[in-house]
Amino acid sequence: MSEFSFRSLTFMLLIALLVWSSNFEACMARRGRHWRQSRAASASSLSKKKGKSSHGGGGSSHHNSGGSSGSKPKSPSHNKAPSPPHNKAPSPSHKKAPSPPQLPKPRDDTPQKGSSSFNVLDFGAKGDGSTDDTKAFQAAWAAACKVEASQIIVPAAYKFLVGPISFSGPYCQPNILFQLDGTIIAPTDPKSWGKGLLQWLEFTKLRGITVQGKGLIDGRGSSWWQDTPYGDPIDDDFKLIVPLNSTAQQHPPMPIRSELSGKMPSIKPTALRFYGSFNVTVTGITIQNSPQCHLKFDNCAGVLVHDMSVSSPGNSPNTDGIHLQNSKQVLIHTTNLACGDDCISIQTGCSDVYVHNVNCGPGHGISIGSLGRDNTKACVSNITVRDIIMHNTMNGVRVKTWQGGSGSVQGVLFSNIQVSEVQLPIVIDQFYCDKSQCKNQTSAVALSGITYERIRGTYTVKPVHFACSDSLPCVDVTLNGIELKPVQEQYHMYEPFCWQTFGELRTPTVPPIACLQIGKPSSNRVNSDHDVC
């Protein structure tokens with residue numbers, strides 16, 4: 001080969017090498033750019049799998065910085081679905097999130113103001129003293145009845161005319177509060193009473209009912225007292241009272257009749273009655289001028305009455321203050337009772353009754369009975385009456401039964417009774433009769449275990465009157481600390497009287513009560529099954 005030919009070949013090889021090198025660098029450059037893009041994508045994917053949004057944002061910034069800002073709000077939903085490890089992390093927070101709304105649920109069952117308070121004004125009551133608000137009270141009760149521990153509000157500064165009404169169960173929720181701060185008045189139109197009703201305001205078959213407040217229940221009873229004063233039975237113990245001049249009025253003068261009244265029915269209503277209820281409380285209110293009894297509890301258990309008042313004239317007929325019948329576990333204290341009959345009357349079926357710190361007068365005192373009327377069986381036991389002040393009453397503490405009855409009265413304590421100008425401070429009368437005439441009968445309610453202690457003060461007629469059954473004498477009658485003195489010679493002053501009464505004198509008495517027979521009767525018969533309670 002010539003030298004020219006060799007140089008030509010060498011130059012051609014050099015040109016070919018340069019061309020090939022240039023193509024190789026271009027190829028490698030393209031491959032390098034593709035590798036960086038693939039690595040960036042892989043890094044972004046890996047960071048997303050690990051759930052590290054800060055790294056994922058950094059990876060995307062190499063690829064698309066605009067996409068990273070848009071992906072942040074979406075990251076929880078993206079993270080929850082594709083990656084199980086990431087789904088487990090928020091699961092506790094998602095389970096706890098519904099919990100706070102569930103916490104108040106028990107409180108929803110607890111009555112709160114607004115949801116459990118029912119104001120009678122909101123149900124259409126006017127409270128102007130002339131519009132009949134009976135339907136508004138019925139509507140308010142219907143709403144309150146459905147809510148446990150609800151409140152019916154009778155606001156102050158209003159006078160509500162309400163006709164005969166029954167706030168009744170037994171399907172009402174328990175522990176309803178009747179907040180009485182206004183005044184409720186009874187209608188005086190005879191048409192409102194039909195042929196006569198036994199009660200005006202009645203609460204029946206309830207569990208936990210409280211009537212409280214500073215309000216007034218006004219029965220406007222003068223309409224009833226004046227129309228039929230002589231058709232009603234009178235207290236039989238009037239016959240024991242003989243004035244010095246022997247001019248006692250058979251019927252005391254009645255209060256002036258209301259001009260609004262017409263001829264009222266012969267059946268007179270009790271102002272406020274509770275029947276068949278448990279855990280009943282009455283406190284704070286005043287009941288006045290009831291046509292008949294002011295406050296009555298019949299077939300109730302767990303009764304509490306305190307810090308309330310009854311107010312009616314002393315000559316209003318048959319207007320007992322508080323009347324108990326077939327009721328147990330009763331506590332009455334810190335009350336003021338002024339009426340025309342017994343301040344407190346304890347009837348058949350009563351037991352575990354505790355009365356203390358009561359002011360009584362005017363009225364006929366505190367009585368057990370009358371019992372055994374129309375040959376019925378009467379059972380009364382475990383009665384305590386103590387710390388009582390009586391002023392200007394007909395009787396002090398009394399037990400009265402009819403001839404012909406059966407059953408028993410036992411376990412009675414009258415203690416620390418202060419009497420002032422009381423006609424007959426201590427009475428047992430087993431010949432009670434409020435009719436013109438009653439026939440003599442041999443059967444009687446058995447009386448035993450009656451204690452009188454610390455009965456002190458002044459009387460106007462007779463200090464002690466014990467008239468027990470011939471066939472079934474009173475036994476275990478105990479006298480202790482009796483000090484009774486006459487006021488003046490306004491009436492014939494009778495000596496203590498005892499008939500068929502046996503028991504014990506624990507201390508000397510003033511005046512001496514020598515008629516009480518010590519011990520037990522020799523002929524005392526054993527009670528039959530007819531007498532046992």
# chains A, B, ... in the order shown; residues from 1 in each chain; ligands from 1
>>> residues_around(residues="region 401-413 of chain A", least_positions_apart="2", cutoff="8 Å", atoms="only C-alpha atoms", output="MDAnalysis selection string")
chainID A and resid 369:386 399 415 429:433 440:453 469 530:533
>>> residues_around(residues="region 289-297 of chain A", least_positions_apart="4", cutoff="7 Å", atoms="only C-alpha atoms", output="PyMOL selection string")
chain A and resi 218-221+224-225+268-275+311-312+318-325+327
>>> write_last_selection(atoms="C-alpha atoms", output="short mmCIF file (atom, residue, chain, number, x, y, z; two decimals), in the first residue's frame")
data_model
loop_
_atom_site.label_atom_id
_atom_site.label_comp_id
_atom_site.auth_asym_id
_atom_site.auth_seq_id
_atom_site.Cartn_x
_atom_site.Cartn_y
_atom_site.Cartn_z
CA ASP A 218 -109.19 29.71 97.75
CA GLY A 219 -112.31 27.53 97.89
CA ARG A 220 -114.62 30.53 98.42
CA GLY A 221 -116.64 28.28 100.69
CA TRP A 224 -121.64 26.59 100.54
CA TRP A 225 -121.66 27.25 104.27
CA LYS A 268 -119.61 19.88 99.34
CA PRO A 269 -116.17 19.35 97.80
CA THR A 270 -112.80 19.01 99.48
CA ALA A 271 -110.46 21.73 98.23
CA LEU A 272 -107.34 19.61 97.60
CA ARG A 273 -107.35 15.83 97.63
CA PHE A 274 -104.68 13.21 96.98
CA TYR A 275 -105.82 9.68 96.26
CA SER A 311 -107.32 29.30 107.10
CA SER A 312 -111.08 29.30 107.53
CA ASN A 318 -117.13 20.57 108.57
CA THR A 319 -114.03 22.30 107.26
CA ASP A 320 -111.34 19.93 108.55
CA GLY A 321 -107.80 21.20 108.07
CA ILE A 322 -106.01 17.95 107.15
CA HIS A 323 -107.91 14.69 106.79
CA LEU A 324 -106.11 11.33 106.67
CA GLN A 325 -107.78 8.10 105.61
CA SER A 327 -102.86 6.36 104.60
#
>>> select_by_dssp(residues="region 121-239 of chain A", states="helix (DSSP H, G or I)", output="MDAnalysis selection string")
chainID A and resid 121:123 134:144 190:193 222:227 236:239
>>> residues_around(residues="Ser166 (chain A)", least_positions_apart="2", cutoff="6 Å", atoms="only C-alpha atoms", output="ChimeraX atom specification")
/A:168,202-203
>>> write_last_selection(atoms="all heavy atoms", output="PDB file, in the first residue's frame")
ATOM      1  N   SER A 168    -104.537  13.381  87.015  1.00  0.00           N
ATOM      2  CA  SER A 168    -104.551  11.954  87.318  1.00  0.00           C
ATOM      3  C   SER A 168    -103.476  11.173  86.582  1.00  0.00           C
ATOM      4  O   SER A 168    -103.001  11.568  85.518  1.00  0.00           O
ATOM      5  CB  SER A 168    -105.928  11.369  86.972  1.00  0.00           C
ATOM      6  OG  SER A 168    -106.226  11.559  85.609  1.00  0.00           O
ATOM      7  N   GLU A 202    -107.940  17.599  92.474  1.00  0.00           N
ATOM      8  CA  GLU A 202    -107.592  16.236  92.871  1.00  0.00           C
ATOM      9  C   GLU A 202    -106.349  15.753  92.129  1.00  0.00           C
ATOM     10  O   GLU A 202    -106.228  15.930  90.913  1.00  0.00           O
ATOM     11  CB  GLU A 202    -108.756  15.282  92.585  1.00  0.00           C
ATOM     12  CG  GLU A 202    -108.473  13.848  93.003  1.00  0.00           C
ATOM     13  CD  GLU A 202    -109.602  12.899  92.645  1.00  0.00           C
ATOM     14  OE1 GLU A 202    -110.201  13.059  91.559  1.00  0.00           O
ATOM     15  OE2 GLU A 202    -109.895  11.993  93.447  1.00  0.00           O
ATOM     16  N   PHE A 203    -105.448  15.136  92.870  1.00  0.00           N
ATOM     17  CA  PHE A 203    -104.287  14.445  92.305  1.00  0.00           C
ATOM     18  C   PHE A 203    -104.456  12.962  92.630  1.00  0.00           C
ATOM     19  O   PHE A 203    -104.571  12.594  93.805  1.00  0.00           O
ATOM     20  CB  PHE A 203    -102.984  14.973  92.903  1.00  0.00           C
ATOM     21  CG  PHE A 203    -102.660  16.395  92.513  1.00  0.00           C
ATOM     22  CD1 PHE A 203    -103.193  17.454  93.216  1.00  0.00           C
ATOM     23  CD2 PHE A 203    -101.817  16.650  91.434  1.00  0.00           C
ATOM     24  CE1 PHE A 203    -102.899  18.768  92.858  1.00  0.00           C
ATOM     25  CE2 PHE A 203    -101.517  17.961  91.073  1.00  0.00           C
ATOM     26  CZ  PHE A 203    -102.062  19.012  91.788  1.00  0.00           C
TER      27      PHE A 203
END
>>> residues_around(residues="Val475 (chain A)", least_positions_apart="3", cutoff="10 Å", atoms="only C-alpha atoms", output="mmCIF file with all heavy atoms, in the first residue's frame")
data_model
loop_
_atom_site.group_PDB
_atom_site.id
_atom_site.type_symbol
_atom_site.label_atom_id
_atom_site.label_comp_id
_atom_site.auth_asym_id
_atom_site.auth_seq_id
_atom_site.Cartn_x
_atom_site.Cartn_y
_atom_site.Cartn_z
ATOM 1 N N GLN A 410 -104.697 1.469 118.654
ATOM 2 C CA GLN A 410 -103.660 1.102 119.613
ATOM 3 C C GLN A 410 -102.342 1.799 119.273
ATOM 4 O O GLN A 410 -102.086 2.144 118.126
ATOM 5 C CB GLN A 410 -103.460 -0.409 119.623
ATOM 6 C CG GLN A 410 -103.155 -1.018 118.272
ATOM 7 C CD GLN A 410 -103.126 -2.539 118.307
ATOM 8 O OE1 GLN A 410 -103.045 -3.137 119.380
ATOM 9 N NE2 GLN A 410 -103.191 -3.159 117.146
ATOM 10 N N ALA A 446 -112.041 -1.364 119.750
ATOM 11 C CA ALA A 446 -111.224 -1.567 120.951
ATOM 12 C C ALA A 446 -110.137 -0.498 121.034
ATOM 13 O O ALA A 446 -109.398 -0.280 120.068
ATOM 14 C CB ALA A 446 -110.606 -2.958 120.926
ATOM 15 N N LEU A 447 -110.040 0.159 122.198
ATOM 16 C CA LEU A 447 -109.029 1.190 122.418
ATOM 17 C C LEU A 447 -108.029 0.708 123.459
ATOM 18 O O LEU A 447 -108.423 0.312 124.566
ATOM 19 C CB LEU A 447 -109.672 2.491 122.899
ATOM 20 C CG LEU A 447 -110.780 3.087 122.025
ATOM 21 C CD1 LEU A 447 -111.208 4.447 122.577
ATOM 22 C CD2 LEU A 447 -110.345 3.224 120.588
ATOM 23 N N SER A 448 -106.738 0.775 123.120
ATOM 24 C CA SER A 448 -105.707 0.338 124.067
ATOM 25 C C SER A 448 -104.393 1.049 123.770
ATOM 26 O O SER A 448 -104.131 1.447 122.633
ATOM 27 C CB SER A 448 -105.504 -1.180 123.986
ATOM 28 O OG SER A 448 -105.019 -1.560 122.706
ATOM 29 N N GLY A 449 -103.587 1.183 124.834
ATOM 30 C CA GLY A 449 -102.260 1.761 124.648
ATOM 31 C C GLY A 449 -102.276 3.208 124.229
ATOM 32 O O GLY A 449 -101.586 3.598 123.279
ATOM 33 N N ILE A 450 -103.052 4.046 124.941
ATOM 34 C CA ILE A 450 -103.144 5.474 124.631
ATOM 35 C C ILE A 450 -102.482 6.247 125.766
ATOM 36 O O ILE A 450 -102.877 6.130 126.934
ATOM 37 C CB ILE A 450 -104.602 5.918 124.446
ATOM 38 C CG1 ILE A 450 -105.260 5.104 123.328
ATOM 39 C CG2 ILE A 450 -104.677 7.403 124.122
ATOM 40 C CD1 ILE A 450 -106.732 5.367 123.140
ATOM 41 N N CYS A 468 -115.852 5.400 127.752
ATOM 42 C CA CYS A 468 -115.501 4.181 127.023
ATOM 43 C C CYS A 468 -116.659 3.193 127.011
ATOM 44 O O CYS A 468 -117.605 3.303 127.798
ATOM 45 C CB CYS A 468 -114.262 3.539 127.648
ATOM 46 S SG CYS A 468 -112.784 4.578 127.521
ATOM 47 N N LEU A 472 -116.609 -3.143 126.047
ATOM 48 C CA LEU A 472 -115.192 -3.222 125.697
ATOM 49 C C LEU A 472 -114.476 -1.983 126.237
ATOM 50 O O LEU A 472 -114.224 -1.021 125.511
ATOM 51 C CB LEU A 472 -115.026 -3.325 124.177
ATOM 52 C CG LEU A 472 -113.657 -3.762 123.652
ATOM 53 C CD1 LEU A 472 -113.268 -5.127 124.192
ATOM 54 C CD2 LEU A 472 -113.646 -3.787 122.130
ATOM 55 N N THR A 478 -102.641 5.836 129.837
ATOM 56 C CA THR A 478 -101.592 6.345 130.725
ATOM 57 C C THR A 478 -101.620 7.861 130.760
ATOM 58 O O THR A 478 -101.666 8.517 129.710
ATOM 59 C CB THR A 478 -100.209 5.861 130.259
ATOM 60 O OG1 THR A 478 -100.190 4.434 130.242
ATOM 61 C CG2 THR A 478 -99.126 6.357 131.192
ATOM 62 N N GLN A 500 -115.553 3.459 132.439
ATOM 63 C CA GLN A 500 -114.951 2.234 131.908
ATOM 64 C C GLN A 500 -113.570 2.493 131.300
ATOM 65 O O GLN A 500 -113.250 1.995 130.214
ATOM 66 C CB GLN A 500 -115.870 1.596 130.867
ATOM 67 C CG GLN A 500 -117.182 1.061 131.415
ATOM 68 C CD GLN A 500 -116.964 -0.127 132.349
ATOM 69 O OE1 GLN A 500 -116.724 0.005 133.550
ATOM 70 N NE2 GLN A 500 -117.013 -1.324 131.777
ATOM 71 N N THR A 501 -112.778 3.261 132.029
ATOM 72 C CA THR A 501 -111.443 3.617 131.558
ATOM 73 C C THR A 501 -110.412 3.098 132.551
ATOM 74 O O THR A 501 -110.462 3.444 133.739
ATOM 75 C CB THR A 501 -111.302 5.142 131.418
ATOM 76 O OG1 THR A 501 -112.405 5.649 130.650
ATOM 77 C CG2 THR A 501 -109.998 5.503 130.723
ATOM 78 N N PHE A 502 -109.482 2.294 132.047
ATOM 79 C CA PHE A 502 -108.494 1.626 132.895
ATOM 80 C C PHE A 502 -107.088 1.965 132.415
ATOM 81 O O PHE A 502 -106.836 2.053 131.221
ATOM 82 C CB PHE A 502 -108.687 0.107 132.867
ATOM 83 C CG PHE A 502 -109.988 -0.356 133.471
ATOM 84 C CD1 PHE A 502 -111.170 -0.283 132.750
ATOM 85 C CD2 PHE A 502 -110.018 -0.854 134.761
ATOM 86 C CE1 PHE A 502 -112.370 -0.702 133.301
ATOM 87 C CE2 PHE A 502 -111.213 -1.277 135.330
ATOM 88 C CZ PHE A 502 -112.390 -1.201 134.600
ATOM 89 N N GLY A 503 -106.197 2.151 133.390
ATOM 90 C CA GLY A 503 -104.831 2.463 132.999
ATOM 91 C C GLY A 503 -103.948 2.807 134.171
ATOM 92 O O GLY A 503 -104.008 2.181 135.227
ATOM 93 N N GLU A 504 -103.172 3.879 134.022
ATOM 94 C CA GLU A 504 -102.123 4.183 134.998
ATOM 95 C C GLU A 504 -101.925 5.692 135.115
ATOM 96 O O GLU A 504 -101.906 6.409 134.112
ATOM 97 C CB GLU A 504 -100.809 3.525 134.541
ATOM 98 C CG GLU A 504 -99.608 3.826 135.413
ATOM 99 C CD GLU A 504 -98.323 3.270 134.849
ATOM 100 O OE1 GLU A 504 -98.360 2.726 133.716
ATOM 101 O OE2 GLU A 504 -97.283 3.375 135.518
ATOM 102 N N GLN A 517 -109.509 4.209 136.541
ATOM 103 C CA GLN A 517 -109.357 2.951 137.276
ATOM 104 C C GLN A 517 -107.987 2.350 136.973
ATOM 105 O O GLN A 517 -107.625 2.160 135.818
ATOM 106 C CB GLN A 517 -110.471 1.972 136.898
ATOM 107 C CG GLN A 517 -111.871 2.527 137.176
ATOM 108 C CD GLN A 517 -112.960 1.523 136.880
ATOM 109 O OE1 GLN A 517 -112.999 0.438 137.482
ATOM 110 N NE2 GLN A 517 -113.851 1.871 135.951
ATOM 111 N N ILE A 518 -107.253 2.075 138.037
ATOM 112 C CA ILE A 518 -105.890 1.577 137.890
ATOM 113 C C ILE A 518 -105.917 0.094 137.557
ATOM 114 O O ILE A 518 -106.668 -0.695 138.142
ATOM 115 C CB ILE A 518 -105.084 1.817 139.176
ATOM 116 C CG1 ILE A 518 -105.160 3.301 139.567
ATOM 117 C CG2 ILE A 518 -103.638 1.396 138.980
ATOM 118 C CD1 ILE A 518 -104.694 4.258 138.496
ATOM 119 N N GLY A 519 -105.059 -0.310 136.625
ATOM 120 C CA GLY A 519 -104.961 -1.712 136.235
ATOM 121 C C GLY A 519 -105.806 -2.036 135.022
ATOM 122 O O GLY A 519 -106.027 -1.195 134.149
ATOM 123 N N LYS A 520 -106.319 -3.275 135.021
ATOM 124 C CA LYS A 520 -107.128 -3.749 133.894
ATOM 125 C C LYS A 520 -108.480 -4.214 134.406
ATOM 126 O O LYS A 520 -108.605 -4.643 135.552
ATOM 127 C CB LYS A 520 -106.426 -4.898 133.163
ATOM 128 C CG LYS A 520 -105.114 -4.497 132.482
ATOM 129 C CD LYS A 520 -104.502 -5.654 131.726
ATOM 130 C CE LYS A 520 -103.191 -5.266 131.064
ATOM 131 N NZ LYS A 520 -103.372 -4.245 130.011
ATOM 132 N N PRO A 521 -109.498 -4.167 133.572
ATOM 133 C CA PRO A 521 -110.834 -4.613 134.007
ATOM 134 C C PRO A 521 -110.863 -6.124 134.225
ATOM 135 O O PRO A 521 -110.269 -6.877 133.446
ATOM 136 C CB PRO A 521 -111.745 -4.188 132.868
ATOM 137 C CG PRO A 521 -110.855 -4.112 131.675
ATOM 138 C CD PRO A 521 -109.515 -3.671 132.188
ATOM 139 N N ASN A 524 -112.739 -7.872 131.334
ATOM 140 C CA ASN A 524 -112.377 -7.477 129.977
ATOM 141 C C ASN A 524 -112.374 -8.690 129.050
ATOM 142 O O ASN A 524 -111.629 -9.652 129.256
ATOM 143 C CB ASN A 524 -110.988 -6.836 129.974
ATOM 144 C CG ASN A 524 -110.653 -6.231 128.614
ATOM 145 O OD1 ASN A 524 -111.547 -5.787 127.909
ATOM 146 N ND2 ASN A 524 -109.374 -6.208 128.284
#
>>> select_by_dssp(residues="region 280-490 of chain A", states="strand (DSSP E)", output="ChimeraX atom specification")
/A:280-283,286-288,295-298,301-306,309-311,322-325,328-338,344-346,350-360,366-371,377-391,395-401,406-422,424-429,446-459,464-467,474-480,483-486
>>> residues_around(residues="Thr210 (chain A)", least_positions_apart="6", cutoff="9 Å", atoms="only C-alpha atoms", output="PDB file with all heavy atoms, in the first residue's frame")
ATOM      1  N   ASN A 175     -92.515  11.886  89.954  1.00  0.00           N
ATOM      2  CA  ASN A 175     -91.823  13.063  90.511  1.00  0.00           C
ATOM      3  C   ASN A 175     -92.185  14.363  89.801  1.00  0.00           C
ATOM      4  O   ASN A 175     -91.318  15.133  89.396  1.00  0.00           O
ATOM      5  CB  ASN A 175     -90.309  12.850  90.489  1.00  0.00           C
ATOM      6  CG  ASN A 175     -89.890  11.596  91.226  1.00  0.00           C
ATOM      7  OD1 ASN A 175     -90.470  11.257  92.258  1.00  0.00           O
ATOM      8  ND2 ASN A 175     -88.905  10.890  90.692  1.00  0.00           N
ATOM      9  N   ILE A 176     -93.462  14.593  89.673  1.00  0.00           N
ATOM     10  CA  ILE A 176     -93.950  15.832  89.073  1.00  0.00           C
ATOM     11  C   ILE A 176     -94.072  16.900  90.163  1.00  0.00           C
ATOM     12  O   ILE A 176     -94.550  16.636  91.259  1.00  0.00           O
ATOM     13  CB  ILE A 176     -95.300  15.609  88.373  1.00  0.00           C
ATOM     14  CG1 ILE A 176     -95.135  14.601  87.213  1.00  0.00           C
ATOM     15  CG2 ILE A 176     -95.879  16.924  87.851  1.00  0.00           C
ATOM     16  CD1 ILE A 176     -96.428  14.239  86.518  1.00  0.00           C
ATOM     17  N   LEU A 177     -93.656  18.112  89.827  1.00  0.00           N
ATOM     18  CA  LEU A 177     -93.721  19.241  90.738  1.00  0.00           C
ATOM     19  C   LEU A 177     -94.784  20.224  90.259  1.00  0.00           C
ATOM     20  O   LEU A 177     -94.742  20.698  89.128  1.00  0.00           O
ATOM     21  CB  LEU A 177     -92.364  19.943  90.814  1.00  0.00           C
ATOM     22  CG  LEU A 177     -92.312  21.277  91.574  1.00  0.00           C
ATOM     23  CD1 LEU A 177     -92.664  21.083  93.025  1.00  0.00           C
ATOM     24  CD2 LEU A 177     -90.943  21.920  91.426  1.00  0.00           C
ATOM     25  N   PHE A 178     -95.731  20.529  91.153  1.00  0.00           N
ATOM     26  CA  PHE A 178     -96.761  21.527  90.872  1.00  0.00           C
ATOM     27  C   PHE A 178     -96.368  22.780  91.646  1.00  0.00           C
ATOM     28  O   PHE A 178     -96.566  22.867  92.862  1.00  0.00           O
ATOM     29  CB  PHE A 178     -98.127  21.003  91.321  1.00  0.00           C
ATOM     30  CG  PHE A 178     -99.300  21.789  90.816  1.00  0.00           C
ATOM     31  CD1 PHE A 178     -99.972  21.404  89.672  1.00  0.00           C
ATOM     32  CD2 PHE A 178     -99.745  22.914  91.490  1.00  0.00           C
ATOM     33  CE1 PHE A 178    -101.063  22.121  89.207  1.00  0.00           C
ATOM     34  CE2 PHE A 178    -100.829  23.640  91.045  1.00  0.00           C
ATOM     35  CZ  PHE A 178    -101.489  23.246  89.902  1.00  0.00           C
ATOM     36  N   GLN A 179     -95.750  23.723  90.943  1.00  0.00           N
ATOM     37  CA  GLN A 179     -95.226  24.931  91.574  1.00  0.00           C
ATOM     38  C   GLN A 179     -96.312  25.996  91.594  1.00  0.00           C
ATOM     39  O   GLN A 179     -96.602  26.641  90.592  1.00  0.00           O
ATOM     40  CB  GLN A 179     -93.995  25.431  90.817  1.00  0.00           C
ATOM     41  CG  GLN A 179     -93.321  26.640  91.452  1.00  0.00           C
ATOM     42  CD  GLN A 179     -92.670  26.330  92.784  1.00  0.00           C
ATOM     43  OE1 GLN A 179     -92.125  25.240  92.977  1.00  0.00           O
ATOM     44  NE2 GLN A 179     -92.719  27.278  93.698  1.00  0.00           N
ATOM     45  N   ASN A 279     -95.452   8.892  97.899  1.00  0.00           N
ATOM     46  CA  ASN A 279     -94.469   9.973  98.035  1.00  0.00           C
ATOM     47  C   ASN A 279     -95.083  11.322  97.638  1.00  0.00           C
ATOM     48  O   ASN A 279     -94.757  11.899  96.599  1.00  0.00           O
ATOM     49  CB  ASN A 279     -93.217   9.685  97.206  1.00  0.00           C
ATOM     50  CG  ASN A 279     -92.485   8.450  97.693  1.00  0.00           C
ATOM     51  OD1 ASN A 279     -92.554   8.100  98.875  1.00  0.00           O
ATOM     52  ND2 ASN A 279     -91.778   7.782  96.799  1.00  0.00           N
ATOM     53  N   VAL A 280     -95.970  11.771  98.493  1.00  0.00           N
ATOM     54  CA  VAL A 280     -96.713  13.007  98.265  1.00  0.00           C
ATOM     55  C   VAL A 280     -96.176  14.078  99.214  1.00  0.00           C
ATOM     56  O   VAL A 280     -96.021  13.844 100.411  1.00  0.00           O
ATOM     57  CB  VAL A 280     -98.218  12.806  98.506  1.00  0.00           C
ATOM     58  CG1 VAL A 280     -98.980  14.096  98.263  1.00  0.00           C
ATOM     59  CG2 VAL A 280     -98.756  11.683  97.630  1.00  0.00           C
ATOM     60  N   THR A 281     -95.915  15.264  98.679  1.00  0.00           N
ATOM     61  CA  THR A 281     -95.444  16.386  99.497  1.00  0.00           C
ATOM     62  C   THR A 281     -96.293  17.617  99.223  1.00  0.00           C
ATOM     63  O   THR A 281     -96.558  17.946  98.063  1.00  0.00           O
ATOM     64  CB  THR A 281     -93.967  16.711  99.191  1.00  0.00           C
ATOM     65  OG1 THR A 281     -93.157  15.569  99.498  1.00  0.00           O
ATOM     66  CG2 THR A 281     -93.490  17.895 100.024  1.00  0.00           C
ATOM     67  N   VAL A 282     -96.699  18.282 100.309  1.00  0.00           N
ATOM     68  CA  VAL A 282     -97.390  19.566 100.207  1.00  0.00           C
ATOM     69  C   VAL A 282     -96.658  20.532 101.129  1.00  0.00           C
ATOM     70  O   VAL A 282     -96.548  20.282 102.335  1.00  0.00           O
ATOM     71  CB  VAL A 282     -98.869  19.468 100.604  1.00  0.00           C
ATOM     72  CG1 VAL A 282     -99.527  20.843 100.556  1.00  0.00           C
ATOM     73  CG2 VAL A 282     -99.607  18.493  99.698  1.00  0.00           C
ATOM     74  N   THR A 283     -96.164  21.631 100.591  1.00  0.00           N
ATOM     75  CA  THR A 283     -95.403  22.564 101.409  1.00  0.00           C
ATOM     76  C   THR A 283     -95.513  23.991 100.873  1.00  0.00           C
ATOM     77  O   THR A 283     -95.607  24.212  99.672  1.00  0.00           O
ATOM     78  CB  THR A 283     -93.917  22.150 101.477  1.00  0.00           C
ATOM     79  OG1 THR A 283     -93.204  23.077 102.293  1.00  0.00           O
ATOM     80  CG2 THR A 283     -93.282  22.124 100.101  1.00  0.00           C
TER      81      THR A 283
END
>>> atom_distance(atom1="CA of Tyr459 (chain A)", atom2="CA of Glu421 (chain A)")
4.9 Å
>>> residues_around(residues="Gln423 (chain A)", least_positions_apart="4", cutoff="10 Å", atoms="only C-alpha atoms", output="ChimeraX atom specification")
/A:238,240-241,364,391-396,419,458-464,486-487,491,493
>>> closest_residue(among="A:Leu121, A:Val303, A:Cys172, A:Ala139", to="Val211 (chain A)", atoms="only C-alpha atoms")
A:Val303
>>> atom_distance(atom1="CA of Gly127 (chain A)", atom2="CA of Gly163 (chain A)")
13.3 Å
>>> closest_atom_pairs(of="region 264-312 of chain A", to="region 334-351 of chain A", cutoff="6 Å", atoms="only C-alpha atoms", output="Markdown table")
| residue | atom | partner | partner_atom | distance |
| --- | --- | --- | --- | --- |
| A:His306 | CA | A:Thr334 | CA | 5.3 |
| A:Asp307 | CA | A:Thr335 | CA | 5.0 |
| A:Met308 | CA | A:Thr335 | CA | 5.1 |
| A:Ser309 | CA | A:Asn336 | CA | 4.7 |
| A:Val310 | CA | A:Leu337 | CA | 4.7 |
| A:Ser311 | CA | A:Ala338 | CA | 4.8 |
| A:Ser312 | CA | A:Cys339 | CA | 4.5 |
>>> write_last_selection(atoms="N, CA, C and O atoms", output="PDB file, in the first residue's frame")
ATOM      1  N   HIS A 306     -95.636  20.098 105.362  1.00  0.00           N
ATOM      2  CA  HIS A 306     -94.904  20.981 106.264  1.00  0.00           C
ATOM      3  C   HIS A 306     -94.919  22.412 105.748  1.00  0.00           C
ATOM      4  O   HIS A 306     -95.066  22.667 104.552  1.00  0.00           O
ATOM      5  N   ASP A 307     -94.773  23.334 106.679  1.00  0.00           N
ATOM      6  CA  ASP A 307     -94.655  24.765 106.352  1.00  0.00           C
ATOM      7  C   ASP A 307     -95.773  25.250 105.435  1.00  0.00           C
ATOM      8  O   ASP A 307     -95.528  25.961 104.456  1.00  0.00           O
ATOM      9  N   MET A 308     -96.992  24.849 105.752  1.00  0.00           N
ATOM     10  CA  MET A 308     -98.141  25.318 104.989  1.00  0.00           C
ATOM     11  C   MET A 308     -99.229  25.752 105.975  1.00  0.00           C
ATOM     12  O   MET A 308     -99.114  25.534 107.182  1.00  0.00           O
ATOM     13  N   SER A 309    -100.279  26.369 105.446  1.00  0.00           N
ATOM     14  CA  SER A 309    -101.327  26.925 106.299  1.00  0.00           C
ATOM     15  C   SER A 309    -102.707  26.581 105.768  1.00  0.00           C
ATOM     16  O   SER A 309    -102.916  26.449 104.559  1.00  0.00           O
ATOM     17  N   VAL A 310    -103.635  26.450 106.716  1.00  0.00           N
ATOM     18  CA  VAL A 310    -105.062  26.341 106.419  1.00  0.00           C
ATOM     19  C   VAL A 310    -105.760  27.462 107.170  1.00  0.00           C
ATOM     20  O   VAL A 310    -105.477  27.700 108.354  1.00  0.00           O
ATOM     21  N   SER A 311    -106.661  28.160 106.478  1.00  0.00           N
ATOM     22  CA  SER A 311    -107.316  29.301 107.103  1.00  0.00           C
ATOM     23  C   SER A 311    -108.786  29.365 106.700  1.00  0.00           C
ATOM     24  O   SER A 311    -109.110  29.569 105.527  1.00  0.00           O
ATOM     25  N   SER A 312    -109.646  29.149 107.700  1.00  0.00           N
ATOM     26  CA  SER A 312    -111.085  29.303 107.529  1.00  0.00           C
ATOM     27  C   SER A 312    -111.672  29.747 108.865  1.00  0.00           C
ATOM     28  O   SER A 312    -111.084  29.489 109.919  1.00  0.00           O
TER      29      SER A 312
END
>>> atom_distance(atom1="CA of Phe137 (chain A)", atom2="CA of Leu197 (chain A)")
18.8 Å
